[in-house]
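As structure tokens, the structure follows; a few thoughts come after it.
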Amino acid sequence: MSLKFRCDKCKVYCDDMSPALSHIRERAHRKKAKELQKLTLLLKIPPPGKAQCHSLSSALESVVAEFGLNDPDMKRRQNILTLVEKVLQPVLPDCKFRLYGSSCTRFGFKDSDVNIDVKFPSHFQHPDVLLVAQEHLSKSALFVSVEGDFHRRMPVVVCKEKSSGLICKVSAGNESACLTTAYLTELANLEPQLVPLVVCFRYWAKICCVDQMEEGGLPSYCFALMVISFLQRCKEPVLPSYLESVGLHVSKLKSFSLTGVEKGHVLWVYDQTSSDSSQDKAVKKGKCPLVFNGRSPSVLLGKLWIELLRYYSLEFQIPEKVISVRTNGDLWRDLKDWPKKRIAIEDPFAIQRNVARMLSSQMMFEYLVHCLKTTYKYFASPSKSPAGKVSSSSQSGKSVRAANHVDSVKRSPRVAAEGLNRSRVRSSPQSAEELEDSDCVIELERDEEHTHTQTEGEDEEDEGSGCDHWGDEIFPFEREMSDDGGSEEAASVLNKPKAELTKSESSPTAPEGFQYVFSKRFFSNGKSPVLICSLCKSDGHSKQDCPEDFKRMELEPLPLMTLDFLQILNEVCEQCYRDFAPDDVEVKVREHILQDFETFLRCQVPGAKLVLFGSSKNGFGFKQSDLDICMTLDGQDTAEGLDSMAVIESLAKALRKHHSLRNILPITTAKVPIVKFYHTKTGLEGDISLYNTLVRE
């Protein structure tokens with residue numbers, strides 16, 4: 001009859017003592033034990049007292065006053081917008097210029113970039129607008145260091161306003177960012193606690209170096225969405241959730257979308273026409289308030305700050321759920337078919353888009369979670385010392401030192417019984433009595449060594465008696481785990497009531513007795529983030545130092561071209577064209593397919609009009625190149641007011657009825673939603689987009 005050991009930490013089973021001892025010496029087990037120790041300490045932290053919350057509120061307000069945007073800062077940004085209009089309006093007379101981002105929401109810092117978007121009419125082309133802006137801003141004496149960054153997802157012209165020294169970024173047609181800005185601005189004007197919370201959260205992210213997209217961090221407005229989502233889900237909600245305000249269940253979230261903001265309300269659409277399972281195919285529209293109608297008593301800023309950190313470090317399952325402001329229910333990754341990796345934050349107005357996708361490194365994600373937990377530990381623990389360290393009575397100091405050894409792993413056979421549950425293995429299931437008997441074996445071994453364990457614990461206490469404060473290390477057990485004892489004493493300490501663990505909670509202290517410092521030392525515990533290049537996605541360097549950046553490549557001069565070489569090169573190019581270019585027959589076939597599609601779709605979608613664009617239209621493609629088709633509707637020049645994703649879904653349903661098409665696949669998560677298809681008679685693949693007018697002009 002053999003013995004079987006089970007590790008509760010790692011969920012690993014061992015058939016004998018030898019592999020059990022090997023397991024507890026493994027790095028993975030020790031790392032897991034260390035994580036459980038951290039979690040134990042964090043969960044034991046009691047709620048903050050009133051004096052502590054007042055002191056923390058003062059510290060947060062000081063951060064906002066020092067680094068946040070005030071009225072003169074906002075006016076200065078409006079003046080920069082006026083200067084840009086002054087330079088560009090004469091050459092772009094039909095365009096409108098608008099601020100977006102922190103220059104409207106007040107969620108930024110005094111030195112944050114000034115984001116300006118150019119709204120241009122349909123007869124303009126996106127690249128032309130930015131090229132004109134770059135040319136005329138360079139000629140102006142009001143701006144310096146003008147450069148075009150056209151290789152990013154949203155191209156911009158970057159410049160510096162001369163008098164203020166602020167960086168200004170000019171984009172074109174960034175409707176999504178402007179819509180999100182309008183939502184955040186309206187919400188910030190209505191809820192007074194939102195701006196200080198977001199500014200402090202962003203300042204924390206800046207200190208921890210997790211807010212730089214170029215280095216693998218999160219976009220700045222992600223932290224605003226995280227704060228709003230928390231305020232909708234905290235124990236006493238500060239902000240309402242929109243799906244529940246309408247009276248819908250979280251299972252209906254897929255058909256529920258936000259469309260805009262209007263006078264303190266968010267506009268929504270509930271569209272079930274694209275849902276196969278729904279009986280009701282009607283489209284419902286409405287609006288719900290951004291804040292509660294009846295103003296509840298304001299919660300202390302310090303209390304909300306601690307609850308925010310606790311929520312994302314301990315309560316919210318970041319790898320499993322999606323952070324969304326549309327609902328306060330649990331939005332699991334499975335409902336959106338998103339991978340269970342790292343962090344996911346839903347765009348409020350483009351719900352298929354994960355705005356946190358820039359954080360693609362697991363190491364950066366783990367560093368982010370580490371900083372959240374460390375910061376929560378720092379702020380939630382009463383801090384009284386001038387340097388911002390946690391100070392406590394000798395009793396609580398001993399308790400924490402003992403707690404550092406809870407579930408500690410030892411390299412001796414006797415600890416195998418403490419770290420691994422031993423039970424007898426039989427072919428038939430064990431009874432409850434047999435399980436109790438096997439547990440008795442563990443307790444017996446613990447009793448035999450209880451005296452020795454206590455002695456070792458006292459020795460370690462004597463060794464650490466020279467340190468009066470354990471705030472020097474946010475997680476004291478972060479250092480290499482001790483091989484000595486003390487676990488029994490620590491376990492008994494952690495089982496005590498919370499009032500016994502923190503004496504500072506029982507004795508009231510004036511708010512000025514608590515001091516907190518916004519410092520990377522206390523937020524990261526000495527760890528540094530891993531640099532992630534946004535260009536090649538590798539770690540260890542930033543985008544500016546990326547070896548794969550074509551801008552950094554030095555090209556060697558080529559030798560002079562001879563006439564013979566030129567003739568050969570001409571012949572090769574001409575032969576390449578004859579071999580790969582589509583012939584006249586294929587061009588006519590593509591036009592015939594287009595006319596067939598348009599005739600068919602007009603029966604399904606009245607007013608539908610199709611045009612070819614891309615290589616099928618300009619002749620730059622190969623034989624059998626994809627068909628690129630753009631669909632518009634009669635009487636409507638732009639897609640403004642249309643639910644593009646719903647139209648694409650309806651278009652896919654209609655195309656499935658066509659006898660010559662197969663593999664119909666709607667892709668609504670792309671920046672430009674499309675429907676992909678395969679034409680069986682010709683073997684051509686293609687896609688249909690909606691109002692993709694810029695690429696077809």
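To be explicit about the labels: the chains of the structure tokens are called A, B, and onward in the order shown, and within each one the residues are counted from 1, while ligands get numbers from 1 in the order they are shown.
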
Pro673 of chain A surroundings by only C-alpha atoms, 12 Å radius, close-in-sequence under 5 positions cut, as a PyMOL selection string: chain A and resi 350+352-353+630-631+639+643-649+651-652+665-668+687-692

Selection: 8 Å around segment 61-66 of chain A, only C-alpha atoms, excl. self and same-chain fewer than 4 positions, as a PyMOL selection string: chain A and resi 57+70+196+199-200

I need the residues from that last selection saved to file as a tab-separated table (two decimals), in the first residue's frame (with C-alpha atoms), if you can.
```tsv
chain	number	residue	atom	x	y	z
A	57	SER	CA	-7.48	62.28	0.11
A	70	ASN	CA	-6.30	73.75	-14.24
A	196	PRO	CA	-8.93	63.40	-9.48
A	199	VAL	CA	-5.37	61.92	-12.87
A	200	CYS	CA	-3.89	60.07	-9.89
```

d(atom CA of Lys4 of chain A, atom CA of Ala20 of chain A) in Å: 9.0 Å

Restrict the calculation to only C-alpha atoms, then for each residue of segment 88-197 of chain A with any atom at most 12 Å from an atom of segment 324-328 of chain A give the closest atom pair and their distance in Å to one decimal, rows by chain and rising residue number, as a Markdown table.
```
| residue | atom | partner | partner_atom | distance |
| --- | --- | --- | --- | --- |
| A:Thr180 | CA | A:Val325 | CA | 11.8 |
| A:Tyr183 | CA | A:Val325 | CA | 11.2 |
| A:Leu184 | CA | A:Val325 | CA | 11.3 |
| A:Leu187 | CA | A:Val325 | CA | 12.0 |
```

Test item: residues at most 9 Å from Cys234 of chain A, only C-alpha atoms, excluding those fewer than 4 positions along its chain, as a VMD selection string: chain A and resid 229 to 230 238 304 307 to 308 311

Proximity to Gly607 of chain A - best of A:Leu43, A:Leu633, A:Ala182, A:Thr82, only C-alpha atoms: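 Checking each candidate against Gly607 of chain A, we get A:Leu633 as the closest.
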
Do you know which residues are at most 12 Å from Lys340 of chain A counting only C-alpha atoms, after dropping those on the same chain fewer than 6 positions away, and could you put them as a compact mmCIF listing (two decimals) with N, CA, C and O atoms, in the first residue's frame?
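The resulting file, out.txt, is shown below:
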```
# COMPACT_ATOMS: atom_id res chain seq x y z
N GLN A 317 -10.97 39.61 -12.01
CA GLN A 317 -10.16 38.58 -12.67
C GLN A 317 -9.73 39.11 -14.05
O GLN A 317 -10.41 38.88 -15.06
N ILE A 318 -8.61 39.77 -14.07
CA ILE A 318 -8.19 40.46 -15.29
C ILE A 318 -7.99 39.51 -16.47
O ILE A 318 -8.45 39.80 -17.58
N PRO A 319 -7.33 38.35 -16.33
CA PRO A 319 -7.13 37.49 -17.50
C PRO A 319 -8.41 36.81 -18.00
O PRO A 319 -8.43 36.30 -19.11
N GLU A 320 -9.46 36.80 -17.18
CA GLU A 320 -10.67 36.07 -17.54
C GLU A 320 -11.79 36.98 -18.04
O GLU A 320 -12.64 36.54 -18.81
N LYS A 321 -11.80 38.24 -17.61
CA LYS A 321 -12.93 39.12 -17.90
C LYS A 321 -12.50 40.29 -18.78
O LYS A 321 -11.32 40.55 -18.98
N VAL A 322 -13.53 41.00 -19.26
CA VAL A 322 -13.32 42.20 -20.07
C VAL A 322 -13.77 43.41 -19.26
O VAL A 322 -14.84 43.40 -18.65
N TRP A 332 -17.39 38.01 -19.57
CA TRP A 332 -16.29 37.05 -19.72
C TRP A 332 -15.74 37.11 -21.13
O TRP A 332 -16.43 37.46 -22.09
N ARG A 333 -14.49 36.72 -21.26
CA ARG A 333 -13.84 36.75 -22.57
C ARG A 333 -14.57 35.86 -23.58
O ARG A 333 -14.60 36.15 -24.77
N ASP A 334 -15.15 34.75 -23.09
CA ASP A 334 -15.81 33.81 -23.99
C ASP A 334 -16.97 34.46 -24.74
O ASP A 334 -17.26 34.11 -25.89
N GLN A 362 3.62 39.42 -22.07
CA GLN A 362 3.23 38.81 -20.80
C GLN A 362 4.06 39.36 -19.65
O GLN A 362 3.57 39.53 -18.54
```

Selection: 8 Å around segment 143-147 of chain A, only C-alpha atoms, excl. self and same-chain fewer than 4 positions, as a VMD selection string: chain A and resid 134 137 to 138 157 to 162

What would the file look like if the residues just selected were written as an mmCIF file, in the first residue's frame with N, CA, C and O atoms?
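Contents of part_25.cif, as written:
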```
data_model
loop_
_atom_site.group_PDB
_atom_site.id
_atom_site.type_symbol
_atom_site.label_atom_id
_atom_site.label_comp_id
_atom_site.auth_asym_id
_atom_site.auth_seq_id
_atom_site.Cartn_x
_atom_site.Cartn_y
_atom_site.Cartn_z
ATOM 1 N N GLN A 134 1.328 69.419 -42.614
ATOM 2 C CA GLN A 134 2.762 69.387 -42.329
ATOM 3 C C GLN A 134 3.496 70.505 -43.068
ATOM 4 O O GLN A 134 4.370 71.189 -42.495
ATOM 5 N N LEU A 137 2.449 74.045 -41.443
ATOM 6 C CA LEU A 137 2.931 74.208 -40.069
ATOM 7 C C LEU A 137 4.449 74.404 -40.055
ATOM 8 O O LEU A 137 4.988 75.109 -39.205
ATOM 9 N N SER A 138 5.142 73.769 -41.010
ATOM 10 C CA SER A 138 6.600 73.939 -41.102
ATOM 11 C C SER A 138 6.970 75.359 -41.499
ATOM 12 O O SER A 138 7.987 75.896 -41.054
ATOM 13 N N VAL A 157 0.712 64.542 -37.566
ATOM 14 C CA VAL A 157 1.790 65.514 -37.761
ATOM 15 C C VAL A 157 2.160 66.039 -36.379
ATOM 16 O O VAL A 157 1.301 66.561 -35.656
ATOM 17 N N VAL A 158 3.413 65.883 -35.993
ATOM 18 C CA VAL A 158 3.872 66.263 -34.660
ATOM 19 C C VAL A 158 4.657 67.567 -34.759
ATOM 20 O O VAL A 158 5.522 67.721 -35.634
ATOM 21 N N CYS A 159 4.336 68.494 -33.863
ATOM 22 C CA CYS A 159 5.059 69.756 -33.833
ATOM 23 C C CYS A 159 5.066 70.291 -32.403
ATOM 24 O O CYS A 159 4.416 69.738 -31.520
ATOM 25 N N LYS A 160 5.819 71.369 -32.193
ATOM 26 C CA LYS A 160 5.887 71.994 -30.866
ATOM 27 C C LYS A 160 5.467 73.455 -30.994
ATOM 28 O O LYS A 160 5.975 74.185 -31.846
ATOM 29 N N GLU A 161 4.515 73.837 -30.134
ATOM 30 C CA GLU A 161 4.083 75.232 -30.112
ATOM 31 C C GLU A 161 5.174 76.067 -29.455
ATOM 32 O O GLU A 161 5.643 75.743 -28.363
ATOM 33 N N LYS A 162 5.591 77.135 -30.095
ATOM 34 C CA LYS A 162 6.809 77.843 -29.724
ATOM 35 C C LYS A 162 6.730 78.490 -28.344
ATOM 36 O O LYS A 162 7.638 78.347 -27.520
#
```
